[in-house]
>>> print(open('upload_30.cif').read())   # mmCIF, C-alpha atoms and all ligand atoms
data_coords
#
loop_
_atom_site.label_atom_id
_atom_site.label_comp_id
_atom_site.auth_asym_id
_atom_site.auth_seq_id
_atom_site.Cartn_x
_atom_site.Cartn_y
_atom_site.Cartn_z
CA MET A 1 39.94 15.93 -35.47
CA GLY A 2 37.11 17.71 -37.12
CA VAL A 3 38.48 18.27 -40.59
CA CYS A 4 37.23 15.70 -43.01
CA GLY A 5 39.34 13.91 -45.56
CA CYS A 6 36.95 13.89 -48.46
CA ALA A 7 37.83 17.04 -50.38
CA GLN A 8 41.57 17.60 -50.11
CA SER A 9 42.14 17.42 -53.85
CA SER A 10 39.97 20.35 -54.80
CA PHE A 11 40.02 22.36 -51.64
CA ASN A 12 41.28 25.89 -52.11
CA LEU A 13 43.04 27.28 -49.08
CA ALA A 14 43.13 30.81 -50.45
CA THR A 15 39.41 30.86 -51.02
CA GLN A 16 38.90 29.60 -47.52
CA GLN A 17 40.89 32.47 -46.13
CA GLU A 18 39.09 35.01 -48.22
CA ASP A 19 35.55 33.78 -47.84
CA TYR A 20 35.38 32.14 -44.49
CA THR A 21 37.38 34.16 -42.07
CA LEU A 22 34.52 35.31 -39.97
CA THR A 23 34.92 38.52 -38.11
CA SER A 24 31.36 39.49 -37.41
CA THR A 25 28.08 38.03 -36.32
CA GLN A 26 26.64 39.12 -39.64
CA LYS A 27 29.11 36.93 -41.50
CA GLU A 28 28.52 34.09 -39.11
CA VAL A 29 24.78 34.29 -39.70
CA ALA A 30 25.27 34.38 -43.47
CA MET A 31 27.46 31.29 -43.36
CA GLY A 32 25.10 29.48 -41.00
CA ARG A 33 22.19 30.16 -43.32
CA LYS A 34 24.03 28.68 -46.31
CA LEU A 35 25.07 25.63 -44.36
CA ALA A 36 21.58 25.19 -42.92
CA LEU A 37 20.08 25.13 -46.42
CA ARG A 38 22.42 22.30 -47.37
CA VAL A 39 21.87 20.43 -44.15
CA GLU A 40 18.12 20.65 -44.55
CA GLU A 41 18.36 19.31 -48.10
CA GLU A 42 20.23 16.27 -46.81
CA LEU A 43 18.51 15.64 -43.51
CA PRO A 44 14.72 15.48 -43.80
CA ARG A 45 12.75 17.40 -41.21
CA ILE A 46 10.55 15.06 -39.16
CA PRO A 47 6.94 15.64 -40.34
CA ASP A 48 5.51 15.77 -36.82
CA GLU A 49 4.45 19.27 -35.84
CA PRO A 50 3.79 18.61 -32.13
CA LEU A 51 7.28 17.11 -31.89
CA GLN A 52 8.82 20.08 -33.71
CA ALA A 53 6.91 22.44 -31.44
CA ARG A 54 8.26 20.64 -28.37
CA VAL A 55 11.87 20.91 -29.56
CA GLU A 56 11.40 24.51 -30.64
CA GLY A 57 9.70 25.41 -27.36
CA LEU A 58 12.47 23.94 -25.21
CA GLY A 59 15.08 25.57 -27.43
CA ARG A 60 13.45 28.97 -27.16
CA ARG A 61 13.35 28.87 -23.37
CA LEU A 62 17.10 28.24 -23.36
CA ALA A 63 17.89 30.71 -26.12
CA ALA A 64 16.10 33.40 -24.11
CA VAL A 65 18.68 33.10 -21.33
CA CYS A 66 21.82 32.30 -23.32
CA ASP A 67 24.80 34.61 -23.77
CA ARG A 68 24.17 35.56 -27.37
CA GLN A 69 20.90 37.36 -27.77
CA GLU A 70 21.73 38.80 -31.19
CA LEU A 71 21.04 35.53 -33.00
CA ALA A 72 17.72 34.20 -34.30
CA TYR A 73 17.79 30.61 -33.10
CA ARG A 74 16.26 27.74 -34.96
CA PHE A 75 15.71 24.24 -33.56
CA VAL A 76 14.82 21.42 -35.91
CA ALA A 77 14.19 17.71 -35.38
CA VAL A 78 15.55 15.68 -38.30
CA GLU A 79 15.26 12.08 -39.41
CA GLY A 80 18.06 9.71 -38.51
CA GLU A 81 18.73 6.98 -36.00
CA GLU A 82 21.82 8.67 -34.66
CA VAL A 83 21.76 9.60 -31.01
CA ASN A 84 23.09 12.99 -31.86
CA ALA A 85 22.60 16.71 -32.12
CA PHE A 86 24.71 19.42 -33.68
CA ALA A 87 24.90 23.18 -34.06
CA LEU A 88 25.78 25.32 -37.04
CA PRO A 89 27.16 28.85 -36.81
CA GLY A 90 24.52 31.53 -36.57
CA GLY A 91 22.10 29.78 -34.21
CA TYR A 92 20.99 26.58 -35.96
CA VAL A 93 20.52 23.48 -33.81
CA TYR A 94 19.59 20.07 -35.22
CA VAL A 95 18.48 17.04 -33.23
CA TYR A 96 18.19 13.55 -34.69
CA ARG A 97 15.20 11.33 -34.05
CA GLY A 98 17.54 8.85 -32.38
CA LEU A 99 18.39 11.38 -29.72
CA LEU A 100 14.76 12.39 -29.25
CA ASP A 101 13.97 8.73 -28.60
CA ALA A 102 16.89 8.36 -26.20
CA ALA A 103 16.02 11.41 -24.10
CA LYS A 104 13.55 10.40 -21.42
CA SER A 105 12.24 13.83 -20.47
CA ASP A 106 12.03 17.46 -21.51
CA ASP A 107 14.81 18.17 -19.02
CA GLU A 108 17.12 15.65 -20.68
CA LEU A 109 16.38 16.98 -24.13
CA ALA A 110 16.86 20.51 -22.84
CA GLY A 111 20.27 19.41 -21.54
CA VAL A 112 21.34 18.43 -25.04
CA LEU A 113 19.99 21.65 -26.56
CA ALA A 114 21.68 23.71 -23.84
CA HIS A 115 25.01 22.05 -24.63
CA GLU A 116 24.63 22.90 -28.33
CA LEU A 117 23.68 26.48 -27.44
CA GLY A 118 26.88 26.57 -25.40
CA HIS A 119 28.85 25.73 -28.54
CA ILE A 120 27.13 28.53 -30.43
CA ALA A 121 27.39 31.07 -27.63
CA ALA A 122 31.10 30.42 -27.15
CA ARG A 123 31.56 30.60 -30.93
CA HIS A 124 32.99 27.09 -31.12
CA SER A 125 30.82 26.41 -34.14
CA VAL A 126 32.25 29.36 -36.00
CA LYS A 127 35.80 28.46 -35.08
CA ARG A 128 35.34 24.95 -36.34
CA TYR A 129 33.76 25.95 -39.62
CA GLU A 130 36.36 28.64 -40.11
CA VAL A 131 39.14 26.08 -40.24
CA GLY A 132 37.75 24.65 -43.43
CA LEU A 133 34.77 22.50 -42.71
CA GLY A 134 32.28 25.12 -43.82
CA ALA A 135 34.22 25.76 -46.98
CA GLN A 136 34.33 22.08 -47.75
CA LEU A 137 30.63 21.64 -47.14
CA LEU A 138 29.72 24.56 -49.34
CA GLN A 139 32.13 23.55 -52.06
CA LEU A 140 30.77 20.03 -52.14
CA ALA A 141 27.25 21.34 -52.14
CA THR A 142 27.98 23.69 -55.04
CA LEU A 143 29.25 20.78 -57.07
CA ALA A 144 26.18 18.80 -56.16
CA ALA A 145 24.09 20.29 -58.95
CA ALA A 146 26.54 19.05 -61.55
CA ARG A 147 27.35 15.61 -60.20
CA ARG A 148 24.51 14.86 -57.89
CA GLY A 149 25.24 11.24 -57.02
CA ASP A 150 28.90 11.39 -56.10
CA VAL A 151 28.73 14.71 -54.43
CA ALA A 152 25.68 13.92 -52.37
CA GLN A 153 27.76 11.13 -50.93
CA GLY A 154 30.63 13.56 -50.38
CA LEU A 155 28.34 16.00 -48.69
CA HIS A 156 27.01 13.28 -46.47
CA ILE A 157 30.53 12.37 -45.42
CA ALA A 158 31.33 16.01 -44.83
CA LEU A 159 28.19 16.39 -42.74
CA ARG A 160 29.18 13.45 -40.61
CA SER A 161 32.63 14.92 -40.16
CA ALA A 162 31.04 18.23 -39.27
CA GLN A 163 29.53 16.41 -36.34
CA LEU A 164 32.80 14.96 -35.25
CA ALA A 165 34.65 16.13 -32.29
CA TYR A 166 35.01 19.61 -30.99
CA ALA A 167 38.17 20.25 -29.07
CA ARG A 168 38.15 18.78 -25.61
CA GLN A 169 38.11 22.14 -23.85
CA ASP A 170 35.21 23.24 -26.09
CA GLU A 171 33.14 20.28 -24.95
CA MET A 172 33.77 21.14 -21.32
CA GLU A 173 32.94 24.79 -21.89
CA ALA A 174 29.70 23.88 -23.69
CA ASP A 175 28.73 21.76 -20.69
CA ARG A 176 29.46 24.51 -18.17
CA LEU A 177 27.45 26.98 -20.24
CA GLY A 178 24.75 24.36 -20.73
CA VAL A 179 24.32 23.89 -16.98
CA LYS A 180 24.16 27.65 -16.57
CA TYR A 181 21.44 28.02 -19.20
CA LEU A 182 19.45 25.08 -17.83
CA LYS A 183 19.42 26.64 -14.37
CA ALA A 184 18.51 30.08 -15.71
CA ALA A 185 15.66 28.69 -17.82
CA GLY A 186 14.24 26.67 -14.93
CA PHE A 187 15.14 23.18 -16.14
CA ASP A 188 16.58 20.48 -13.93
CA PRO A 189 20.28 20.51 -14.81
CA LYS A 190 20.80 17.12 -13.12
CA ALA A 191 19.00 15.59 -16.09
CA MET A 192 22.02 16.47 -18.21
CA LEU A 193 24.14 14.37 -15.90
CA GLU A 194 21.70 11.47 -16.03
CA PHE A 195 21.61 11.56 -19.80
CA LEU A 196 25.39 11.61 -20.11
CA LYS A 197 25.72 8.72 -17.70
CA ARG A 198 23.21 6.67 -19.64
CA LEU A 199 24.98 7.37 -22.93
CA ASP A 200 28.26 6.45 -21.37
CA GLU A 201 26.90 3.12 -20.12
CA ARG A 202 25.24 2.39 -23.43
CA ASP A 203 28.36 3.20 -25.42
CA ARG A 204 30.46 1.01 -23.17
CA ALA A 205 28.04 -1.87 -23.52
CA LYS A 206 27.83 -1.55 -27.30
CA THR A 207 31.55 -1.15 -27.77
CA GLN A 208 32.08 -4.30 -25.78
CA TYR A 209 29.87 -6.41 -28.01
CA MET A 210 30.65 -4.76 -31.31
CA PRO A 211 32.60 -6.82 -33.86
CA ARG A 212 36.00 -5.32 -34.51
CA GLY A 213 36.15 -2.72 -37.24
CA ILE A 214 32.51 -1.70 -37.04
CA VAL A 215 32.05 1.86 -35.93
CA ARG A 216 28.65 3.33 -35.33
CA PRO A 217 27.80 6.99 -34.95
CA TYR A 218 27.13 7.25 -31.26
CA TYR A 219 26.71 10.48 -29.45
CA ALA A 220 30.09 9.87 -27.84
CA ARG A 221 31.77 9.89 -31.23
CA SER A 222 30.74 13.44 -32.06
CA HIS A 223 30.78 14.50 -28.44
CA PRO A 224 33.65 12.54 -26.95
CA TYR A 225 35.12 12.68 -23.49
CA VAL A 226 31.82 11.67 -21.95
CA PRO A 227 33.35 10.39 -18.68
CA GLU A 228 35.26 13.64 -18.33
CA ARG A 229 32.17 15.64 -19.19
CA ILE A 230 30.25 13.86 -16.46
CA ARG A 231 32.89 15.14 -14.07
CA VAL A 232 32.64 18.68 -15.41
CA VAL A 233 28.86 18.71 -15.18
CA LYS A 234 29.06 17.41 -11.61
CA GLU A 235 31.46 20.21 -10.81
CA ALA A 236 29.15 22.78 -12.36
CA LEU A 237 26.26 21.37 -10.38
CA TYR A 238 27.76 20.63 -7.00
CA GLY A 239 31.13 22.31 -6.76
CA SER A 240 33.87 19.73 -6.43
CA ALA A 241 33.37 16.51 -8.38
CA ASP A 242 36.31 14.91 -6.59
CA TYR A 243 34.65 15.43 -3.28
CA ILE A 244 31.36 14.06 -4.53
CA ASP A 245 33.08 11.04 -6.08
CA TYR A 246 35.01 10.48 -2.90
CA LEU A 247 31.81 10.34 -0.95
CA ASN A 248 30.59 7.79 -3.46
CA THR A 249 27.32 9.57 -4.04
CA PRO A 250 24.77 7.11 -5.42
CA ASP A 251 24.27 7.50 -9.15
ZN ZN B 301 29.51 19.21 -27.95
#
>>> encode(input="upload_30.cif", output="structure tokens", more="lines below")
Ligand SMILES: [Zn+2]
Amino acid sequence: MGVCGCAQSSFNLATQQEDYTLTSTQKEVAMGRKLALRVEEELPRIPDEPLQARVEGLGRRLAAVCDRQELAYRFVAVEGEEVNAFALPGGYVYVYRGLLDAAKSDDELAGVLAHELGHIAARHSVKRYEVGLGAQLLQLATLAAARRGDVAQGLHIALRSAQLAYARQDEMEADRLGVKYLKAAGFDPKAMLEFLKRLDERDRAKTQYMPRGIVRPYYARSHPYVPERIRVVKEALYGSADYIDYLNTPD
């Protein structure tokens, strides 16, 4: 998963190899900046400065303790009902209004930001964009000037795909790093667990009552494996998740 199906016809593999094989942080930052410009054209920034300051403030506390200090991080709250957040290469983190509404505390929101920082720190974001997604996004965006209507749609689809699944092991690694950063920055890492559990319950409930064929962009769609992630976060927090589960610790 993770490579979208909207631009096969015009996608140039050779160009991808030449332009988007990232070997340095400098290149990563350059690519992230280009992508961020496109993203911010498509996803309006929420015009609420106290809210932006809150997101930015939480993000900065985490960025200060994360494993990649060479990046200039940017945290932006964007319009959209989706309960979702995503990271671009180079230190860009975007959070949808839907997720801001779903998070019940600063600690829960910090948990989401910490997870995204984990993706950036472990260079998952770069890896994913290297395999073609970034190239597709930029290519679509370049065409946008000429054929605004169609391509805007294409870009939107590509953006959605960009938020689709990381590899399973990448999700787990982002969670382990996330817990580490939360602890180091003085947040309550258990909030990450609570938030995941709530999303899991909500997704289960909605899936159950959803008419067949209708798919909505839940957090679990772009960040799958939620039940497994709950296990990983428990492990990171308490040691052995099996043991904890066996003891039937109250939720
Ligand atoms: Zn993730």
>>> closest_atom_pairs(input="upload_30.cif", of="chain A", to="ligand ZN 301 (chain B)", cutoff="7 Å", atoms="all atoms listed in the file", output="Markdown table")
| residue | atom | partner | partner_atom | distance |
| --- | --- | --- | --- | --- |
| A:His115 | CA | B:ZN301 | ZN | 6.3 |
| A:Glu116 | CA | B:ZN301 | ZN | 6.1 |
| A:His119 | CA | B:ZN301 | ZN | 6.6 |
| A:Tyr166 | CA | B:ZN301 | ZN | 6.3 |
| A:Glu171 | CA | B:ZN301 | ZN | 4.8 |
| A:Ala174 | CA | B:ZN301 | ZN | 6.3 |
| A:His223 | CA | B:ZN301 | ZN | 4.9 |
>>> closest_residue(input="upload_30.cif", among="A:Tyr225, A:Tyr94, A:Arg176, A:Ala114", to="Arg60 of chain A", atoms="all atoms listed in the file")
A:Ala114
>>> closest_residue(input="upload_30.cif", among="A:Lys27, A:Lys190, A:Arg45, A:Arg229", to="Leu109 of chain A", atoms="only C-alpha atoms")
A:Lys190
>>> residues_near_point(input="upload_30.cif", point="(12.3, 13.2, -34.3)", cutoff="12 Å", atoms="all atoms listed in the file", output="JSON, numbers by chain")
{"A": [43, 44, 45, 46, 47, 48, 49, 50, 51, 52, 53, 54, 55, 56, 75, 76, 77, 78, 79, 80, 81, 82, 83, 84, 85, 94, 95, 96, 97, 98, 99, 100, 101, 102, 103, 109]}
>>> atom_distance(input="upload_30.cif", atom1="atom CA of Arg168 of chain A", atom2="atom CA of Gly57 of chain A")
29.3 Å
>>> closest_residue(input="upload_30.cif", among="A:Asp200, A:Glu70, A:Asp106, A:Asp175", to="Gly118 of chain A", atoms="all atoms listed in the file")
A:Asp175
>>> atom_distance(input="upload_30.cif", atom1="atom CA of Glu228 of chain A", atom2="atom CA of His124 of chain A")
18.7 Å
>>> closest_residue(input="upload_30.cif", among="A:Val39, A:Val226, A:Val65, A:Ala122", to="Phe187 of chain A", atoms="only C-alpha atoms")
A:Val65
>>> atom_distance(input="upload_30.cif", atom1="atom CA of Glu201 of chain A", atom2="atom CA of Phe86 of chain A")
21.3 Å
>>> residues_around(input="upload_30.cif", residues="Leu193 of chain A", least_positions_apart="5", cutoff="12 Å", atoms="all atoms listed in the file", output="number ranges by chain")
A: 103, 107-112, 115, 175-176, 178-179, 182, 188, 198-200, 226-238, 251
>>> closest_residue(input="upload_30.cif", among="A:Ala87, A:Met172, A:Leu196, A:Ala64", to="Ala36 of chain A", atoms="all atoms listed in the file")
A:Ala87
